[in-house]
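Reproduced below: data38.txt, with compact mmCIF, C-alpha atoms.
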# COMPACT_ATOMS: atom_id res chain seq x y z
CA MET A 1 -23.53 22.50 11.45
CA ASN A 2 -26.00 22.04 8.61
CA TRP A 3 -24.03 21.22 5.45
CA ASP A 4 -27.18 21.56 3.38
CA ASP A 5 -27.20 25.30 4.12
CA TYR A 6 -23.70 25.55 2.67
CA ASP A 7 -24.83 23.71 -0.45
CA VAL A 8 -27.84 26.02 -0.80
CA PHE A 9 -25.49 29.01 -0.51
CA CYS A 10 -23.43 27.63 -3.41
CA ARG A 11 -26.56 27.02 -5.48
CA VAL A 12 -27.74 30.61 -5.02
CA ILE A 13 -24.40 31.87 -6.33
CA GLU A 14 -24.21 29.37 -9.19
CA HIS A 15 -27.78 30.06 -10.35
CA GLY A 16 -27.55 33.81 -9.89
CA GLY A 17 -30.35 34.30 -7.38
CA PHE A 18 -32.77 32.87 -4.84
CA SER A 19 -35.61 32.17 -7.26
CA ALA A 20 -33.42 30.31 -9.76
CA ALA A 21 -31.79 28.29 -6.99
CA ALA A 22 -35.20 27.40 -5.56
CA ARG A 23 -36.34 26.14 -8.97
CA ALA A 24 -33.19 24.06 -9.40
CA LEU A 25 -33.53 22.58 -5.91
CA GLU A 26 -37.30 22.18 -6.29
CA ARG A 27 -37.88 23.95 -2.98
CA PRO A 28 -39.87 27.04 -2.00
CA LYS A 29 -37.96 30.29 -2.23
CA SER A 30 -38.67 30.89 1.44
CA THR A 31 -36.80 27.69 2.34
CA VAL A 32 -33.76 28.85 0.38
CA SER A 33 -33.86 32.24 2.10
CA ALA A 34 -34.09 30.54 5.49
CA SER A 35 -31.00 28.45 4.73
CA ILE A 36 -28.97 31.57 3.92
CA ALA A 37 -30.23 33.34 7.03
CA ARG A 38 -29.22 30.38 9.23
CA LEU A 39 -25.79 30.25 7.63
CA GLU A 40 -25.21 33.97 8.12
CA ALA A 41 -26.30 33.66 11.76
CA GLU A 42 -23.99 30.69 12.29
CA LEU A 43 -21.01 32.52 10.80
CA SER A 44 -21.95 35.92 12.27
CA ALA A 45 -21.32 37.48 8.87
CA ARG A 46 -23.37 38.85 6.02
CA LEU A 47 -22.57 36.72 2.96
CA MET A 48 -24.43 38.51 0.19
CA GLU A 49 -26.19 41.73 -0.67
CA ARG A 50 -29.66 41.18 -2.07
CA THR A 51 -31.30 43.37 -4.72
CA THR A 52 -34.46 42.89 -6.75
CA ARG A 53 -32.45 41.67 -9.76
CA GLN A 54 -29.37 39.89 -8.42
CA VAL A 55 -27.26 38.90 -5.45
CA ARG A 56 -23.76 40.22 -4.85
CA LEU A 57 -21.26 38.49 -2.61
CA THR A 58 -19.71 40.35 0.27
CA GLU A 59 -16.03 39.85 1.04
CA ALA A 60 -16.97 37.14 3.55
CA GLY A 61 -19.22 35.50 0.98
CA GLU A 62 -16.51 35.50 -1.65
CA THR A 63 -14.07 33.89 0.78
CA LEU A 64 -16.58 31.21 1.73
CA TYR A 65 -17.61 30.41 -1.84
CA HIS A 66 -13.99 30.27 -3.01
CA GLY A 67 -13.32 27.66 -0.34
CA ILE A 68 -16.39 25.44 -0.54
CA GLY A 69 -17.82 26.01 -4.03
CA PRO A 70 -15.47 23.57 -5.81
CA LEU A 71 -15.95 20.99 -3.05
CA PHE A 72 -19.74 20.91 -3.33
CA ALA A 73 -19.53 20.95 -7.14
CA GLY A 74 -17.25 17.92 -6.95
CA LEU A 75 -19.63 16.12 -4.59
CA ARG A 76 -22.57 16.73 -6.90
CA GLU A 77 -20.57 15.56 -9.90
CA ALA A 78 -19.49 12.38 -8.08
CA ARG A 79 -23.10 11.68 -7.13
CA ALA A 80 -24.25 12.27 -10.72
CA ASP A 81 -21.59 9.86 -11.99
CA ALA A 82 -22.73 7.20 -9.51
CA LEU A 83 -26.36 7.65 -10.50
CA ALA A 84 -25.44 7.51 -14.16
CA GLN A 85 -24.11 3.99 -13.70
CA GLY A 86 -27.54 2.84 -12.61
CA GLU A 87 -30.54 2.26 -14.83
CA ALA A 88 -33.16 4.21 -12.91
CA VAL A 89 -34.93 6.74 -15.12
CA ALA A 90 -35.99 9.17 -12.41
CA GLY A 91 -35.50 12.70 -11.13
CA THR A 92 -35.84 15.93 -13.09
CA LEU A 93 -34.54 16.11 -16.65
CA ARG A 94 -33.75 19.75 -17.51
CA VAL A 95 -33.77 20.50 -21.22
CA ALA A 96 -33.46 23.70 -23.25
CA SER A 97 -34.53 23.72 -26.87
CA PRO A 98 -35.57 26.11 -29.63
CA TYR A 99 -39.35 26.15 -29.97
CA GLU A 100 -39.36 24.66 -33.45
CA PHE A 101 -37.47 21.55 -32.34
CA GLY A 102 -38.88 21.36 -28.83
CA ALA A 103 -42.54 21.42 -29.89
CA ASN A 104 -42.27 18.92 -32.72
CA HIS A 105 -39.58 16.55 -31.49
CA VAL A 106 -38.46 16.90 -27.87
CA GLY A 107 -41.93 17.49 -26.40
CA PRO A 108 -43.62 14.36 -27.79
CA VAL A 109 -40.64 12.16 -26.88
CA ALA A 110 -40.47 13.61 -23.35
CA CYS A 111 -44.19 12.94 -22.83
CA SER A 112 -43.71 9.36 -23.99
CA LEU A 113 -40.86 8.85 -21.53
CA MET A 114 -42.86 10.32 -18.64
CA ALA A 115 -45.68 7.90 -19.42
CA ARG A 116 -43.22 4.99 -19.27
CA TYR A 117 -41.32 6.18 -16.17
CA PRO A 118 -43.58 7.58 -13.42
CA GLN A 119 -40.61 8.86 -11.37
CA LEU A 120 -39.33 11.05 -14.22
CA LYS A 121 -40.00 14.79 -14.27
CA VAL A 122 -39.15 17.02 -17.22
CA ARG A 123 -38.46 20.74 -17.35
CA LEU A 124 -38.43 21.88 -20.98
CA ASP A 125 -37.46 25.51 -21.50
CA VAL A 126 -37.93 27.21 -24.85
CA GLU A 127 -34.93 29.36 -25.63
CA HIS A 128 -34.17 31.74 -28.50
CA GLU A 129 -30.48 32.34 -27.83
CA ALA A 130 -27.47 30.07 -27.28
CA ILE A 131 -27.35 28.57 -23.78
CA ASN A 132 -24.30 27.10 -22.04
CA PRO A 133 -25.37 23.94 -20.12
CA LEU A 134 -22.51 24.48 -17.66
CA GLU A 135 -23.77 27.95 -16.75
CA ARG A 136 -27.48 27.22 -16.60
CA HIS A 137 -27.26 23.66 -15.27
CA TYR A 138 -29.29 21.98 -17.97
CA ASP A 139 -28.84 18.28 -18.60
CA ILE A 140 -29.21 18.81 -22.35
CA VAL A 141 -29.26 21.90 -24.55
CA PHE A 142 -30.38 21.47 -28.14
CA ALA A 143 -28.90 23.85 -30.70
CA MET A 144 -30.16 24.21 -34.28
CA LEU A 145 -27.34 25.53 -36.42
CA ASP A 146 -26.37 26.04 -40.04
CA VAL A 147 -22.67 25.84 -39.16
CA GLY A 148 -20.62 23.59 -36.95
CA LEU A 149 -20.04 24.23 -33.27
CA PRO A 150 -16.78 25.65 -31.92
CA ALA A 151 -14.55 23.49 -29.74
CA SER A 152 -15.49 23.62 -26.05
CA SER A 153 -15.58 21.59 -22.86
CA LEU A 154 -19.04 20.31 -23.77
CA ILE A 155 -19.83 16.98 -25.33
CA GLN A 156 -21.28 17.71 -28.76
CA ARG A 157 -23.59 15.00 -30.01
CA ARG A 158 -25.08 15.66 -33.42
CA MET A 159 -28.54 14.20 -33.43
CA PHE A 160 -29.84 14.43 -36.98
CA SER A 161 -30.59 16.83 -39.80
CA LEU A 162 -34.05 18.34 -40.15
CA GLU A 163 -35.52 18.61 -43.63
CA ARG A 164 -36.30 22.19 -44.59
CA GLY A 165 -38.40 23.73 -47.34
CA VAL A 166 -39.59 27.12 -48.53
CA PHE A 167 -43.25 27.86 -47.92
CA ALA A 168 -45.72 30.57 -48.89
CA SER A 169 -49.45 31.15 -48.67
CA PRO A 170 -51.73 30.67 -51.70
CA GLN A 171 -52.63 34.38 -51.49
CA LEU A 172 -49.00 35.44 -51.86
CA LEU A 173 -48.53 33.13 -54.84
CA GLU A 174 -51.61 34.59 -56.51
CA GLN A 175 -50.05 38.02 -56.18
CA TYR A 176 -46.47 37.21 -57.24
CA GLY A 177 -46.76 33.92 -59.08
CA GLU A 178 -45.02 30.69 -58.07
CA PRO A 179 -41.22 30.68 -58.53
CA ALA A 180 -39.79 27.93 -60.72
CA THR A 181 -36.16 28.33 -59.63
CA PRO A 182 -34.45 29.50 -56.42
CA GLN A 183 -33.23 32.65 -58.18
CA GLU A 184 -36.83 33.76 -58.71
CA LEU A 185 -37.28 33.95 -54.93
CA GLY A 186 -35.38 37.23 -55.08
CA ALA A 187 -38.48 38.91 -56.51
CA LEU A 188 -40.62 37.90 -53.50
CA PRO A 189 -40.57 39.22 -49.92
CA LEU A 190 -38.55 36.86 -47.71
CA LEU A 191 -39.03 35.91 -44.06
CA CYS A 192 -35.63 35.01 -42.61
CA GLY A 193 -33.97 33.74 -39.46
CA LEU A 194 -31.54 35.96 -37.61
CA ALA A 195 -28.48 34.11 -38.92
CA ASP A 196 -29.67 33.91 -42.53
CA THR A 197 -27.39 35.51 -45.10
CA LYS A 198 -28.33 33.21 -47.97
CA TRP A 199 -30.52 30.21 -48.69
CA THR A 200 -28.81 27.31 -50.45
CA PHE A 201 -30.50 24.76 -52.70
CA THR A 202 -29.50 21.63 -54.59
CA ALA A 203 -31.20 20.66 -57.87
CA ALA A 204 -32.02 17.08 -58.85
CA ASP A 205 -28.87 16.91 -60.95
CA GLY A 206 -26.72 17.95 -57.99
CA THR A 207 -26.23 21.56 -59.06
CA ALA A 208 -25.99 23.89 -56.06
CA SER A 209 -27.27 27.46 -55.98
CA ALA A 210 -27.66 30.19 -53.39
CA VAL A 211 -30.15 33.00 -52.88
CA PRO A 212 -28.79 36.02 -50.94
CA THR A 213 -31.14 37.38 -48.27
CA PRO A 214 -29.77 40.88 -47.57
CA LEU A 215 -33.08 42.71 -47.07
CA PRO A 216 -35.73 40.35 -45.69
CA ARG A 217 -39.17 41.73 -44.97
CA LEU A 218 -39.11 39.93 -41.61
CA ASN A 219 -36.09 38.89 -39.60
CA SER A 220 -36.78 36.69 -36.55
CA GLY A 221 -35.12 33.81 -34.78
CA ASN A 222 -38.55 32.48 -33.83
CA ALA A 223 -39.70 29.96 -36.42
CA ASP A 224 -43.32 30.24 -35.25
CA VAL A 225 -43.29 33.97 -35.98
CA ARG A 226 -41.98 33.29 -39.48
CA ARG A 227 -44.57 30.59 -40.07
CA GLN A 228 -47.40 32.86 -38.93
CA ALA A 229 -46.12 35.63 -41.19
CA ALA A 230 -46.00 33.22 -44.13
CA MET A 231 -49.55 32.06 -43.44
CA ALA A 232 -50.64 35.71 -43.37
CA GLY A 233 -49.29 36.16 -46.90
CA LEU A 234 -46.40 38.43 -45.90
CA GLY A 235 -43.62 36.50 -47.59
CA VAL A 236 -41.76 33.24 -48.22
CA ALA A 237 -40.30 31.42 -45.23
CA ARG A 238 -37.65 28.72 -45.03
CA ILE A 239 -38.69 26.43 -42.17
CA THR A 240 -38.41 22.76 -41.24
CA ALA A 241 -40.93 20.59 -43.04
CA THR A 242 -42.34 19.01 -39.87
CA PHE A 243 -43.07 22.44 -38.41
CA CYS A 244 -45.17 23.40 -41.45
CA ALA A 245 -46.80 20.02 -42.10
CA GLN A 246 -50.17 20.84 -40.53
CA ALA A 247 -50.41 24.23 -42.23
CA VAL A 248 -49.71 22.54 -45.57
CA ARG A 249 -52.36 19.87 -44.95
CA GLU A 250 -54.91 22.55 -44.08
CA GLY A 251 -54.10 24.60 -47.17
CA HIS A 252 -52.67 27.61 -45.34
CA LEU A 253 -49.21 27.10 -46.87
CA ARG A 254 -47.78 25.56 -50.02
CA ARG A 255 -44.33 24.14 -50.40
CA LEU A 256 -42.36 25.76 -53.22
CA LEU A 257 -39.59 24.49 -55.51
CA PRO A 258 -40.40 20.76 -55.29
CA ASP A 259 -37.50 19.94 -57.65
CA TYR A 260 -34.95 21.49 -55.29
CA THR A 261 -33.65 20.47 -51.87
CA CYS A 262 -32.93 23.02 -49.17
CA ALA A 263 -29.85 22.69 -47.01
CA PRO A 264 -30.99 20.80 -43.88
CA LEU A 265 -30.91 22.25 -40.39
CA ARG A 266 -28.40 20.46 -38.19
CA VAL A 267 -29.41 19.70 -34.62
CA TYR A 268 -26.87 19.21 -31.86
CA ALA A 269 -27.33 18.01 -28.30
CA LEU A 270 -24.91 19.73 -25.92
CA LEU A 271 -24.11 18.06 -22.62
CA PRO A 272 -21.67 18.85 -19.80
CA GLY A 273 -18.42 17.14 -20.77
CA LYS A 274 -17.12 15.90 -17.42
CA ARG A 275 -19.95 13.64 -16.35
CA LEU A 276 -21.13 10.20 -17.18
CA MET A 277 -24.48 10.18 -18.91
CA PRO A 278 -27.46 9.61 -16.57
CA ALA A 279 -30.07 7.09 -17.69
CA LYS A 280 -32.72 9.82 -18.11
CA VAL A 281 -30.45 11.70 -20.55
CA ARG A 282 -29.50 8.57 -22.42
CA MET A 283 -33.12 7.51 -22.79
CA LEU A 284 -34.18 10.87 -24.23
CA LEU A 285 -31.33 10.94 -26.73
CA ASP A 286 -31.94 7.34 -27.77
CA ALA A 287 -35.67 7.98 -28.22
CA LEU A 288 -35.01 11.07 -30.34
CA SER A 289 -32.55 9.09 -32.43
CA GLN A 290 -35.12 6.36 -33.02
CA GLN A 291 -37.73 8.96 -33.96
CA ALA A 292 -35.37 10.31 -36.60
CA GLY A 293 -34.41 6.86 -37.80
CA VAL A 294 -30.69 7.38 -37.30
CA ALA A 295 -28.18 6.41 -34.66
CA ILE A 296 -26.45 8.98 -32.50

How does the structure come out when it is put into structure tokens?
Amino acid sequence: MNWDDYDVFCRVIEHGGFSAAARALERPKSTVSASIARLEAELSARLMERTTRQVRLTEAGETLYHGIGPLFAGLREARADALAQGEAVAGTLRVASPYEFGANHVGPVACSLMARYPQLKVRLDVEHEAINPLERHYDIVFAMLDVGLPASSLIQRRMFSLERGVFASPQLLEQYGEPATPQELGALPLLCGLADTKWTFTAADGTASAVPTPLPRLNSGNADVRRQAAMAGLGVARITATFCAQAVREGHLRRLLPDYTCAPLRVYALLPGKRLMPAKVRMLLDALSQQAGVAI
């Protein structure tokens, strides 16, 4: 009896397919397929129906997974807890992040950690929609939100707030003129995120104001798309300051409304809630906290 084949069977179900399980296990897809074939031969039963897009459990497969799935999940969790008590920064760190935050914050910190710890591998996926770490088996998922997170079984660790500004190209400002107040933004084409309904600002004297964004010229959850559109003179974008810093230095964008402060973008790190924190996760979070100059 090869218990590894049973574990591979569980991984295929949990990850939703052979390719995803192979990536998670860091094995060739052919090896994963061979494990399932051996297990089906051993049990003299077909465990799953394979299609080009997904796998579907047979009745025998459902019975087997119902019996052993929780057991193998518990074993992996116990192993992760034991490893977390050690100080070795090794293995694969799986991270999901929006591009804007991943490129300017997570990526540089991850590269620094890999240089310090030769046994550490990093998988950094750029995501544009909300990801559940429990479903996709990430160690950390970063979420950039304007509102708080709902209660869940995840550990929610707020990292820091990212400074935002409103930016436009010199060509656009030549055409429309430079706004002096947030309200004057309503006369310019706006480039908005998918969740934007209004942009809020605070004046130097503490007075708050809001600019509704009901009909943006561009609506995209991808900050790079909005930045490119702003550089092309298509409108005004509200983006994090670090993400636009190079374009500002090179003269492609100008920051507007210097006497007003945009509402910051809050960044959360989401982690599975029933595990101790492995050293590789702790090191990344600590390094990001130091980069931001605040404690987690």

* Asked: Quick one: distance from CA of Arg164 in chain A to CA of Glu127 in chain A in Å, one decimal?
  -> 20.3 Å

* Structure fact -> For His252 in chain A, the closest of A:Asn222, A:Thr197, A:Gln228, A:Gln175 counting all atoms listed in the file is A:Gln228

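Minimum atom-to-atom distance to Ala45 in chain A, evaluated using all atoms listed in the file, belongs to A:Leu64 out of A:Ala210, A:Val89, A:Val109, A:Leu64.
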
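The two atoms in question, CA of Val12 in chain A and CA of Thr63 in chain A, are spaced 15.2 Å apart.
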
* One decimal, Å: what's the distance from CA of Ile36 in chain A over to CA of Pro272 in chain A, could you say? =>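 Computing the Euclidean distance for CA of Ile36 in chain A and CA of Pro272 in chain A yields 27.9 Å.
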
* To do: Could you give me, as a PyMOL selection string, the residues within 8 Å of Gly165 in chain A, counting all atoms listed in the file and dropping anything in the same chain fewer than 3 positions from it?
  => chain A and resi 238-241+255-256+261-262

* Met114 in chain A environment, 12 Å, only C-alpha atoms, sequence neighbours closer than 2 positions dropped, as a ChimeraX atom specification -> /A:89-93,107-112,116-123,280,283-284

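Nearest residue to Asp224 in chain A, choosing from A:Leu285, A:Ala237, A:Val141, A:Ala37 and counting all atoms listed in the file: A:Ala237.
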
* Counting all atoms listed in the file, the residue of A:Ala247, A:Leu257, A:Ala195, A:Leu162 that sits nearest Pro179 in chain A ->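 Using all atoms listed in the file, Pro179 in chain A sits closest to A:Leu257.
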
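Comparing A:Arg157, A:Arg254, A:His66, A:Arg266 by their smallest distance to Val236 in chain A, the closest is A:Arg254 (using only C-alpha atoms).
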
* Asked: Closest to Ser169 in chain A among A:Glu77, A:Glu59, A:Asp125, A:Glu250, using only C-alpha atoms?
  -> A:Glu250

* Place a sphere of radius 10 Å on (-37.8, 34.2, -41.3) in the file coordinates and name every protein, DNA or RNA residue with an atom inside or on its surface, counting all atoms listed in the file; give the answer as a VMD selection string. => chain A and resid 190 to 196 216 to 230 235 to 239

* To do: For Val126 in chain A, list every protein, DNA or RNA residue within 6 Å, evaluated using all atoms listed in the file, and leave out those in the same chain fewer than 5 positions away; present the list as a count of residues only.
  => 4

* Close residues, Gly69 in chain A itself excluded, 12 Å, only C-alpha atoms, min 2 positions apart in chain, as a count of residues only -> 22

Once 3 Å is added on each side, what are the centre and the three edge lengths, in Å to one decimal, of the axis-aligned box enclosing the listed atoms of range 166-170 of chain A? Present them as JSON.
{"center_x": -45.7, "center_y": 29.1, "center_z": -49.8, "size_x": 18.1, "size_y": 10.0, "size_z": 9.8}

* Asked: If we count all atoms listed in the file, what is near Asp205 in chain A at a cut-off of 12 Å, once residues fewer than 3 positions away on the same chain are taken out, given as a ChimeraX atom specification?
  -> /A:201-202,208-209,259-261
